[in-house]
Amino acid sequence: MDYLRTQSVGQVSPEEPWKYSPEFALDTKTTSAFCANAKEVDSGFTLYLQSYSQFSALQILNGFHRSAVDLKSNDAVRKLRITTFDMETEDLKSKLKIKSTMDLELNKPKFGKSGFQVLDLDSTFQGNVIRVEILETYGLGSTGRVCISELQFGEIKKDSFVAYPWVSFDKIKRTIEQFGKAERHYAGFRQLVLANEKGTILFYDQGTILPVFFKADQTFSFSEMYGEGDPLGFLPSIVGTYTILQSSEEGLELNLSYYDGGGIERNISWIFKRAEVGDEDYENFKTKLGTRFSEVFNPKTHYLLVLKEKESGRTFYHYELPKPK
């Protein structure tokens, strides 16, 4: 099996992919899981493969096995639908042709590795796209989540399940590592919101100052930019609401929605990130400060927060937020 990417439906907290993304059902770790909204119809995920593959059996660890408490407090799958497709791309458009599909009844989960279930499909499933749909759940939990801790594809040999290895397992691990970087940016934004409870935070672009306010209720304000630089390039004061469009290793993409002076609704995209030593934005910041860098900023004691206007690439830095002791 050759992993390419996944796409989820109904995933819990999709803006925080490091928590419950489909890759966690493919990582061979029983303590991580893909989790979806237990009440959403046909929630699940689609697995895109690098090449055409086949399998005739599944092994699944149903439910969330991080702990016995997690297994009890989260729902498990009662009925699962497995479908394979051929995906062909023509003129940059992808077409899916269904190959095989089957609905499978799962047992109530037992905690730990003894909870693995083997499902013989009695036929060979083929394709380069696999869709996993959760049709019914065991309503055991209180969180509103339904989870799958592990899912493996393979075959039955001599009455035993033989799992097909991921030839691209390193790619799955890299994807999960990228989730870790995305979590760093998300945590940095939460720290910014917490700091904003005490007042406005100032971001700097050399001599130019941009006062910024992000609140927990998803409202924001950019006070008018002031300081050195071209006055024509200064931002007007704007107030509105923000939405986190996505979290990735590149940062948080924020959509800022507001009404301009003429009463017209505007939407602009900004990138927020918490830069670490070695990051491109960290090195750019260091270059801009030059010999003043060590006087102004200590990476051991303070965070470097970055706000970047997506369209223009203009970048502002905040380097006065101390790390928790």
# chains A, B, ... in the order shown; residues from 1 in each chain; ligands from 1
>>> select_by_dssp(residues="stretch 45-267 of chain A", states="alpha helix (DSSP H)", output="number ranges by chain")
A: 68-73, 169-196
>>> write_last_selection(atoms="N, CA and C atoms", output="short mmCIF file (atom, residue, chain, number, x, y, z; two decimals), in the first residue's frame")
data_model
loop_
_atom_site.label_atom_id
_atom_site.label_comp_id
_atom_site.auth_asym_id
_atom_site.auth_seq_id
_atom_site.Cartn_x
_atom_site.Cartn_y
_atom_site.Cartn_z
N ALA A 68 -8.48 3.34 28.88
CA ALA A 68 -9.77 2.68 29.08
C ALA A 68 -10.88 3.73 29.25
N VAL A 69 -10.53 4.86 29.83
CA VAL A 69 -11.50 5.95 29.99
C VAL A 69 -11.90 6.51 28.64
N ASP A 70 -10.91 6.71 27.74
CA ASP A 70 -11.21 7.22 26.40
C ASP A 70 -12.09 6.26 25.61
N LEU A 71 -11.84 4.96 25.77
CA LEU A 71 -12.66 3.98 25.06
C LEU A 71 -14.11 4.06 25.53
N LYS A 72 -14.30 4.30 26.81
CA LYS A 72 -15.65 4.35 27.38
C LYS A 72 -16.35 5.67 27.05
N SER A 73 -15.60 6.75 26.99
CA SER A 73 -16.23 8.07 26.83
C SER A 73 -16.43 8.47 25.37
N PHE A 169 5.43 4.68 4.54
CA PHE A 169 5.12 4.96 5.94
C PHE A 169 5.83 6.23 6.43
N ASP A 170 7.01 6.51 5.87
CA ASP A 170 7.72 7.73 6.25
C ASP A 170 6.89 8.97 5.92
N LYS A 171 6.10 8.88 4.84
CA LYS A 171 5.26 10.02 4.46
C LYS A 171 4.14 10.22 5.49
N ILE A 172 3.60 9.12 6.00
CA ILE A 172 2.59 9.23 7.06
C ILE A 172 3.20 9.87 8.30
N LYS A 173 4.40 9.44 8.66
CA LYS A 173 5.08 10.02 9.84
C LYS A 173 5.39 11.50 9.62
N ARG A 174 5.80 11.88 8.39
CA ARG A 174 6.08 13.30 8.11
C ARG A 174 4.82 14.14 8.21
N THR A 175 3.71 13.58 7.74
CA THR A 175 2.44 14.31 7.84
C THR A 175 2.09 14.57 9.29
N ILE A 176 2.29 13.57 10.15
CA ILE A 176 2.00 13.74 11.58
C ILE A 176 2.98 14.73 12.21
N GLU A 177 4.24 14.72 11.76
CA GLU A 177 5.20 15.70 12.25
C GLU A 177 4.78 17.12 11.87
N GLN A 178 4.23 17.28 10.66
CA GLN A 178 3.74 18.58 10.23
C GLN A 178 2.58 19.04 11.10
N PHE A 179 1.74 18.08 11.53
CA PHE A 179 0.67 18.43 12.46
C PHE A 179 1.25 19.04 13.73
N GLY A 180 2.39 18.50 14.18
CA GLY A 180 3.04 19.02 15.37
C GLY A 180 3.47 20.47 15.20
N LYS A 181 3.96 20.81 14.01
CA LYS A 181 4.34 22.19 13.73
C LYS A 181 3.11 23.09 13.68
N ALA A 182 2.03 22.57 13.10
CA ALA A 182 0.78 23.34 13.05
C ALA A 182 0.26 23.61 14.45
N GLU A 183 0.41 22.62 15.33
CA GLU A 183 -0.04 22.79 16.71
C GLU A 183 0.74 23.90 17.41
N ARG A 184 2.03 24.03 17.08
CA ARG A 184 2.86 25.09 17.65
C ARG A 184 2.30 26.47 17.28
N HIS A 185 1.90 26.63 16.03
CA HIS A 185 1.34 27.92 15.60
C HIS A 185 0.00 28.18 16.27
N TYR A 186 -0.81 27.14 16.37
CA TYR A 186 -2.12 27.28 17.00
C TYR A 186 -1.97 27.66 18.47
N ALA A 187 -1.02 27.02 19.15
CA ALA A 187 -0.76 27.35 20.55
C ALA A 187 -0.28 28.78 20.69
N GLY A 188 0.54 29.24 19.73
CA GLY A 188 1.01 30.62 19.75
C GLY A 188 -0.13 31.61 19.60
N PHE A 189 -1.10 31.26 18.73
CA PHE A 189 -2.24 32.16 18.55
C PHE A 189 -3.09 32.22 19.81
N ARG A 190 -3.26 31.08 20.47
CA ARG A 190 -4.01 31.09 21.73
C ARG A 190 -3.31 31.94 22.77
N GLN A 191 -1.98 31.92 22.76
CA GLN A 191 -1.22 32.76 23.69
C GLN A 191 -1.40 34.25 23.36
N LEU A 192 -1.51 34.55 22.06
CA LEU A 192 -1.76 35.92 21.64
C LEU A 192 -3.14 36.38 22.12
N VAL A 193 -4.15 35.54 21.94
CA VAL A 193 -5.50 35.87 22.38
C VAL A 193 -5.53 36.09 23.89
N LEU A 194 -4.81 35.23 24.63
CA LEU A 194 -4.75 35.37 26.08
C LEU A 194 -4.08 36.69 26.47
N ALA A 195 -3.01 37.04 25.77
CA ALA A 195 -2.33 38.31 26.05
C ALA A 195 -3.22 39.50 25.70
N ASN A 196 -4.06 39.34 24.66
CA ASN A 196 -4.95 40.42 24.26
C ASN A 196 -6.03 40.71 25.31
#
>>> residues_around(residues="stretch 251-267 of chain A", least_positions_apart="5", cutoff="8 Å", atoms="only C-alpha atoms", output="PDB file with N, CA, C and O atoms, in the first residue's frame")
ATOM      1  N   ALA A 182       2.026  22.569  13.099  1.00  0.00           N
ATOM      2  CA  ALA A 182       0.784  23.341  13.047  1.00  0.00           C
ATOM      3  C   ALA A 182       0.262  23.607  14.454  1.00  0.00           C
ATOM      4  O   ALA A 182      -0.237  24.699  14.753  1.00  0.00           O
ATOM      5  N   HIS A 185       1.899  26.635  16.025  1.00  0.00           N
ATOM      6  CA  HIS A 185       1.344  27.921  15.596  1.00  0.00           C
ATOM      7  C   HIS A 185      -0.003  28.184  16.274  1.00  0.00           C
ATOM      8  O   HIS A 185      -0.293  29.313  16.691  1.00  0.00           O
ATOM      9  N   TYR A 186      -0.811  27.138  16.368  1.00  0.00           N
ATOM     10  CA  TYR A 186      -2.121  27.281  16.997  1.00  0.00           C
ATOM     11  C   TYR A 186      -1.970  27.665  18.465  1.00  0.00           C
ATOM     12  O   TYR A 186      -2.688  28.535  18.977  1.00  0.00           O
ATOM     13  N   PHE A 220     -11.820  40.946  16.041  1.00  0.00           N
ATOM     14  CA  PHE A 220     -10.460  41.468  15.967  1.00  0.00           C
ATOM     15  C   PHE A 220     -10.510  42.963  15.680  1.00  0.00           C
ATOM     16  O   PHE A 220     -11.538  43.512  15.238  1.00  0.00           O
ATOM     17  N   ILE A 238      -9.330  48.917  11.238  1.00  0.00           N
ATOM     18  CA  ILE A 238     -10.423  48.034  10.842  1.00  0.00           C
ATOM     19  C   ILE A 238     -10.840  47.181  12.038  1.00  0.00           C
ATOM     20  O   ILE A 238     -10.022  46.813  12.876  1.00  0.00           O
ATOM     21  N   VAL A 239     -12.136  46.880  12.113  1.00  0.00           N
ATOM     22  CA  VAL A 239     -12.709  46.069  13.177  1.00  0.00           C
ATOM     23  C   VAL A 239     -13.656  45.065  12.544  1.00  0.00           C
ATOM     24  O   VAL A 239     -14.435  45.417  11.651  1.00  0.00           O
ATOM     25  N   GLY A 240     -13.585  43.797  12.962  1.00  0.00           N
ATOM     26  CA  GLY A 240     -14.475  42.804  12.380  1.00  0.00           C
ATOM     27  C   GLY A 240     -14.349  41.468  13.088  1.00  0.00           C
ATOM     28  O   GLY A 240     -14.081  41.406  14.289  1.00  0.00           O
ATOM     29  N   THR A 241     -14.550  40.396  12.337  1.00  0.00           N
ATOM     30  CA  THR A 241     -14.471  39.049  12.890  1.00  0.00           C
ATOM     31  C   THR A 241     -13.409  38.258  12.138  1.00  0.00           C
ATOM     32  O   THR A 241     -13.111  38.527  10.978  1.00  0.00           O
ATOM     33  N   TYR A 242     -12.840  37.261  12.813  1.00  0.00           N
ATOM     34  CA  TYR A 242     -11.835  36.419  12.168  1.00  0.00           C
ATOM     35  C   TYR A 242     -12.250  34.957  12.240  1.00  0.00           C
ATOM     36  O   TYR A 242     -12.978  34.529  13.131  1.00  0.00           O
ATOM     37  N   THR A 243     -11.779  34.195  11.258  1.00  0.00           N
ATOM     38  CA  THR A 243     -12.004  32.751  11.194  1.00  0.00           C
ATOM     39  C   THR A 243     -10.683  32.073  10.864  1.00  0.00           C
ATOM     40  O   THR A 243      -9.941  32.559  10.000  1.00  0.00           O
ATOM     41  N   ILE A 244     -10.376  30.981  11.553  1.00  0.00           N
ATOM     42  CA  ILE A 244      -9.195  30.192  11.206  1.00  0.00           C
ATOM     43  C   ILE A 244      -9.566  29.285  10.045  1.00  0.00           C
ATOM     44  O   ILE A 244     -10.369  28.358  10.196  1.00  0.00           O
ATOM     45  N   LEU A 245      -9.013  29.555   8.864  1.00  0.00           N
ATOM     46  CA  LEU A 245      -9.340  28.761   7.682  1.00  0.00           C
ATOM     47  C   LEU A 245      -8.659  27.407   7.719  1.00  0.00           C
ATOM     48  O   LEU A 245      -9.250  26.385   7.364  1.00  0.00           O
ATOM     49  N   GLN A 246      -7.387  27.392   8.106  1.00  0.00           N
ATOM     50  CA  GLN A 246      -6.671  26.127   8.211  1.00  0.00           C
ATOM     51  C   GLN A 246      -5.426  26.303   9.072  1.00  0.00           C
ATOM     52  O   GLN A 246      -4.914  27.408   9.231  1.00  0.00           O
ATOM     53  N   PHE A 272      -0.663  33.726  10.468  1.00  0.00           N
ATOM     54  CA  PHE A 272      -0.061  33.880  11.799  1.00  0.00           C
ATOM     55  C   PHE A 272       0.827  32.669  12.052  1.00  0.00           C
ATOM     56  O   PHE A 272       0.475  31.524  11.748  1.00  0.00           O
ATOM     57  N   LYS A 273       1.993  32.904  12.646  1.00  0.00           N
ATOM     58  CA  LYS A 273       2.847  31.780  13.025  1.00  0.00           C
ATOM     59  C   LYS A 273       3.682  32.144  14.246  1.00  0.00           C
ATOM     60  O   LYS A 273       3.905  33.332  14.535  1.00  0.00           O
ATOM     61  N   ARG A 274       4.084  31.109  14.966  1.00  0.00           N
ATOM     62  CA  ARG A 274       5.034  31.291  16.057  1.00  0.00           C
ATOM     63  C   ARG A 274       6.369  30.767  15.554  1.00  0.00           C
ATOM     64  O   ARG A 274       6.569  29.563  15.416  1.00  0.00           O
TER      65      ARG A 274
END
>>> atom_distance(atom1="atom CA of A:Ser32", atom2="atom CA of A:Phe64")
7.3 Å
>>> select_by_dssp(residues="stretch 60-286 of chain A", states="strand (DSSP E or B)", output="number ranges by chain")
A: 60-63, 75-90, 93-105, 116-138, 145-157, 160-163, 201-205, 208-214, 219-222, 226-227, 238-248, 251-259, 265-275
>>> residues_around(residues="A:Tyr319", least_positions_apart="2", cutoff="10 Å", atoms="only C-alpha atoms", output="JSON, numbers by chain")
{"A": [202, 203, 204, 285, 296, 297, 298, 299, 302, 303, 304, 305, 306, 317, 321, 322]}
>>> residues_around(residues="A:Thr28", least_positions_apart="2", cutoff="12 Å", atoms="only C-alpha atoms", output="list in words")
Glu23, Phe24, Ala25, Leu26, Thr30, Thr31, Ser32, Ala33, Gln59, Ile60, Leu61, Lys113, Ile148, Ser149, Glu150, Leu151, Gln152, Phe153, Ala163, Pro165, Trp166, Phe169, Ile172 and Lys173 of chain A
>>> write_last_selection(atoms="C-alpha atoms", output="CSV table (one decimal), in the first residue's frame")
chain,number,residue,atom,x,y,z
A,23,GLU,CA,-3.3,9.5,9.6
A,24,PHE,CA,-3.7,8.6,13.2
A,25,ALA,CA,-5.6,5.5,12.2
A,26,LEU,CA,-2.7,4.5,9.9
A,30,THR,CA,-3.0,2.2,19.3
A,31,THR,CA,-3.1,5.3,21.5
A,32,SER,CA,-3.9,7.7,18.6
A,33,ALA,CA,-7.1,7.7,16.6
A,59,GLN,CA,-7.9,-5.4,10.7
A,60,ILE,CA,-9.5,-2.7,12.8
A,61,LEU,CA,-9.1,-1.4,16.3
A,113,LYS,CA,-4.7,-5.0,21.5
A,148,ILE,CA,-11.1,4.4,14.9
A,149,SER,CA,-7.7,3.8,16.5
A,150,GLU,CA,-6.2,1.6,13.8
A,151,LEU,CA,-7.1,0.4,10.3
A,152,GLN,CA,-4.9,-2.0,8.3
A,153,PHE,CA,-5.4,-3.6,4.9
A,163,ALA,CA,-1.2,-6.8,7.0
A,165,PRO,CA,2.9,-2.7,4.9
A,166,TRP,CA,2.9,1.0,3.9
A,169,PHE,CA,5.1,5.0,5.9
A,172,ILE,CA,2.6,9.2,7.1
A,173,LYS,CA,5.1,10.0,9.8
>>> atom_distance(atom1="atom CA of A:Val77", atom2="atom CA of A:Leu49")
23.8 Å
>>> residues_around(residues="A:Thr124", least_positions_apart="6", cutoff="8 Å", atoms="only C-alpha atoms", output="list in words")
Gln54, Phe55 and Ser56 of chain A
>>> write_last_selection(atoms="N, CA, C and O atoms", output="PDB file, in the first residue's frame")
ATOM      1  N   GLN A  54      -4.597  -3.590  -4.061  1.00  0.00           N
ATOM      2  CA  GLN A  54      -5.697  -4.505  -3.789  1.00  0.00           C
ATOM      3  C   GLN A  54      -5.527  -5.104  -2.401  1.00  0.00           C
ATOM      4  O   GLN A  54      -4.428  -5.177  -1.852  1.00  0.00           O
ATOM      5  N   PHE A  55      -6.668  -5.541  -1.812  1.00  0.00           N
ATOM      6  CA  PHE A  55      -6.674  -6.181  -0.502  1.00  0.00           C
ATOM      7  C   PHE A  55      -7.948  -6.998  -0.403  1.00  0.00           C
ATOM      8  O   PHE A  55      -8.926  -6.773  -1.134  1.00  0.00           O
ATOM      9  N   SER A  56      -7.971  -7.944   0.519  1.00  0.00           N
ATOM     10  CA  SER A  56      -9.149  -8.802   0.663  1.00  0.00           C
ATOM     11  C   SER A  56      -9.574  -8.970   2.125  1.00  0.00           C
ATOM     12  O   SER A  56     -10.481  -9.740   2.416  1.00  0.00           O
TER      13      SER A  56
END
>>> closest_residue(among="A:Asp279, A:Arg78, A:Tyr48, A:Gln117", to="A:Leu96", atoms="only C-alpha atoms")
A:Tyr48
>>> atom_distance(atom1="atom CA of A:Ser237", atom2="atom CA of A:Trp270")
15.6 Å
>>> closest_residue(among="A:Thr291, A:Thr301, A:Thr137, A:Ser248", to="A:Asn107", atoms="only C-alpha atoms")
A:Thr137
>>> closest_residue(among="A:Gly290, A:Gly139, A:Gly44, A:Gly313", to="A:Gln206", atoms="only C-alpha atoms")
A:Gly290
>>> closest_residue(among="A:Asp122, A:Glu15, A:Asp2, A:Glu197", to="A:Ser168", atoms="only C-alpha atoms")
A:Asp2
>>> decode(residues="stretch 88-118 of chain A", atoms="N, CA and C atoms", output="PDB file, in the first residue's frame")
ATOM      1  N   GLU A  88      -9.072   8.581 -12.101  1.00  0.00           N
ATOM      2  CA  GLU A  88      -8.324   8.979 -13.289  1.00  0.00           C
ATOM      3  C   GLU A  88      -8.362  10.490 -13.413  1.00  0.00           C
ATOM      4  N   THR A  89      -7.252  11.072 -13.856  1.00  0.00           N
ATOM      5  CA  THR A  89      -7.168  12.521 -14.012  1.00  0.00           C
ATOM      6  C   THR A  89      -7.003  12.870 -15.481  1.00  0.00           C
ATOM      7  N   GLU A  90      -7.939  13.680 -15.978  1.00  0.00           N
ATOM      8  CA  GLU A  90      -7.885  14.162 -17.352  1.00  0.00           C
ATOM      9  C   GLU A  90      -8.129  15.670 -17.350  1.00  0.00           C
ATOM     10  N   ASP A  91      -7.261  16.395 -18.046  1.00  0.00           N
ATOM     11  CA  ASP A  91      -7.384  17.861 -18.121  1.00  0.00           C
ATOM     12  C   ASP A  91      -7.525  18.475 -16.739  1.00  0.00           C
ATOM     13  N   LEU A  92      -6.703  17.972 -15.807  1.00  0.00           N
ATOM     14  CA  LEU A  92      -6.654  18.455 -14.422  1.00  0.00           C
ATOM     15  C   LEU A  92      -7.940  18.191 -13.647  1.00  0.00           C
ATOM     16  N   LYS A  93      -8.844  17.369 -14.207  1.00  0.00           N
ATOM     17  CA  LYS A  93     -10.075  17.007 -13.524  1.00  0.00           C
ATOM     18  C   LYS A  93     -10.028  15.528 -13.151  1.00  0.00           C
ATOM     19  N   SER A  94     -10.391  15.218 -11.901  1.00  0.00           N
ATOM     20  CA  SER A  94     -10.351  13.836 -11.425  1.00  0.00           C
ATOM     21  C   SER A  94     -11.733  13.204 -11.519  1.00  0.00           C
ATOM     22  N   LYS A  95     -11.766  11.970 -11.988  1.00  0.00           N
ATOM     23  CA  LYS A  95     -13.004  11.207 -12.094  1.00  0.00           C
ATOM     24  C   LYS A  95     -12.865   9.928 -11.274  1.00  0.00           C
ATOM     25  N   LEU A  96     -13.886   9.633 -10.456  1.00  0.00           N
ATOM     26  CA  LEU A  96     -13.896   8.435  -9.640  1.00  0.00           C
ATOM     27  C   LEU A  96     -14.852   7.406 -10.236  1.00  0.00           C
ATOM     28  N   LYS A  97     -14.373   6.195 -10.404  1.00  0.00           N
ATOM     29  CA  LYS A  97     -15.195   5.094 -10.882  1.00  0.00           C
ATOM     30  C   LYS A  97     -15.235   4.026  -9.804  1.00  0.00           C
ATOM     31  N   ILE A  98     -16.439   3.726  -9.296  1.00  0.00           N
ATOM     32  CA  ILE A  98     -16.557   2.787  -8.191  1.00  0.00           C
ATOM     33  C   ILE A  98     -16.183   1.374  -8.650  1.00  0.00           C
ATOM     34  N   LYS A  99     -15.447   0.663  -7.789  1.00  0.00           N
ATOM     35  CA  LYS A  99     -15.018  -0.707  -8.100  1.00  0.00           C
ATOM     36  C   LYS A  99     -15.755  -1.725  -7.213  1.00  0.00           C
ATOM     37  N   SER A 100     -15.629  -1.569  -5.890  1.00  0.00           N
ATOM     38  CA  SER A 100     -16.262  -2.512  -4.970  1.00  0.00           C
ATOM     39  C   SER A 100     -16.718  -1.776  -3.723  1.00  0.00           C
ATOM     40  N   THR A 101     -17.768  -2.284  -3.084  1.00  0.00           N
ATOM     41  CA  THR A 101     -18.237  -1.696  -1.829  1.00  0.00           C
ATOM     42  C   THR A 101     -18.860  -2.773  -0.964  1.00  0.00           C
ATOM     43  N   MET A 102     -18.758  -2.607   0.353  1.00  0.00           N
ATOM     44  CA  MET A 102     -19.313  -3.582   1.285  1.00  0.00           C
ATOM     45  C   MET A 102     -19.584  -2.920   2.627  1.00  0.00           C
ATOM     46  N   ASP A 103     -20.712  -3.262   3.230  1.00  0.00           N
ATOM     47  CA  ASP A 103     -21.037  -2.807   4.580  1.00  0.00           C
ATOM     48  C   ASP A 103     -20.649  -3.901   5.564  1.00  0.00           C
ATOM     49  N   LEU A 104     -19.979  -3.500   6.644  1.00  0.00           N
ATOM     50  CA  LEU A 104     -19.429  -4.455   7.609  1.00  0.00           C
ATOM     51  C   LEU A 104     -19.947  -4.167   9.012  1.00  0.00           C
ATOM     52  N   GLU A 105     -20.371  -5.199   9.718  1.00  0.00           N
ATOM     53  CA  GLU A 105     -20.804  -5.080  11.103  1.00  0.00           C
ATOM     54  C   GLU A 105     -19.607  -5.307  12.029  1.00  0.00           C
ATOM     55  N   LEU A 106     -19.394  -4.394  12.957  1.00  0.00           N
ATOM     56  CA  LEU A 106     -18.275  -4.514  13.899  1.00  0.00           C
ATOM     57  C   LEU A 106     -18.785  -4.863  15.296  1.00  0.00           C
ATOM     58  N   ASN A 107     -17.948  -5.549  16.040  1.00  0.00           N
ATOM     59  CA  ASN A 107     -18.286  -5.883  17.422  1.00  0.00           C
ATOM     60  C   ASN A 107     -18.034  -4.694  18.339  1.00  0.00           C
ATOM     61  N   LYS A 108     -18.655  -4.738  19.512  1.00  0.00           N
ATOM     62  CA  LYS A 108     -18.321  -3.739  20.521  1.00  0.00           C
ATOM     63  C   LYS A 108     -16.851  -3.907  20.888  1.00  0.00           C
ATOM     64  N   PRO A 109     -16.136  -2.801  21.044  1.00  0.00           N
ATOM     65  CA  PRO A 109     -14.684  -2.913  21.246  1.00  0.00           C
ATOM     66  C   PRO A 109     -14.297  -3.380  22.635  1.00  0.00           C
ATOM     67  N   LYS A 110     -13.181  -4.105  22.696  1.00  0.00           N
ATOM     68  CA  LYS A 110     -12.516  -4.442  23.946  1.00  0.00           C
ATOM     69  C   LYS A 110     -11.255  -3.598  24.035  1.00  0.00           C
ATOM     70  N   PHE A 111     -10.871  -3.195  25.228  1.00  0.00           N
ATOM     71  CA  PHE A 111      -9.742  -2.280  25.365  1.00  0.00           C
ATOM     72  C   PHE A 111      -8.417  -2.983  25.052  1.00  0.00           C
ATOM     73  N   GLY A 112      -7.543  -2.227  24.372  1.00  0.00           N
ATOM     74  CA  GLY A 112      -6.196  -2.708  24.110  1.00  0.00           C
ATOM     75  C   GLY A 112      -6.106  -3.572  22.862  1.00  0.00           C
ATOM     76  N   LYS A 113      -4.964  -4.221  22.708  1.00  0.00           N
ATOM     77  CA  LYS A 113      -4.694  -4.990  21.496  1.00  0.00           C
ATOM     78  C   LYS A 113      -5.622  -6.184  21.331  1.00  0.00           C
ATOM     79  N   SER A 114      -6.228  -6.649  22.416  1.00  0.00           N
ATOM     80  CA  SER A 114      -7.199  -7.742  22.311  1.00  0.00           C
ATOM     81  C   SER A 114      -8.465  -7.301  21.589  1.00  0.00           C
ATOM     82  N   GLY A 115      -8.599  -5.972  21.382  1.00  0.00           N
ATOM     83  CA  GLY A 115      -9.772  -5.443  20.701  1.00  0.00           C
ATOM     84  C   GLY A 115      -9.682  -5.435  19.183  1.00  0.00           C
ATOM     85  N   PHE A 116      -8.534  -5.834  18.624  1.00  0.00           N
ATOM     86  CA  PHE A 116      -8.401  -5.888  17.164  1.00  0.00           C
ATOM     87  C   PHE A 116      -9.405  -6.887  16.584  1.00  0.00           C
ATOM     88  N   GLN A 117     -10.099  -6.485  15.519  1.00  0.00           N
ATOM     89  CA  GLN A 117     -11.033  -7.350  14.810  1.00  0.00           C
ATOM     90  C   GLN A 117     -10.549  -7.549  13.388  1.00  0.00           C
ATOM     91  N   VAL A 118     -10.634  -8.774  12.896  1.00  0.00           N
ATOM     92  CA  VAL A 118     -10.272  -9.081  11.511  1.00  0.00           C
ATOM     93  C   VAL A 118     -11.555  -9.297  10.717  1.00  0.00           C
TER      94      VAL A 118
END
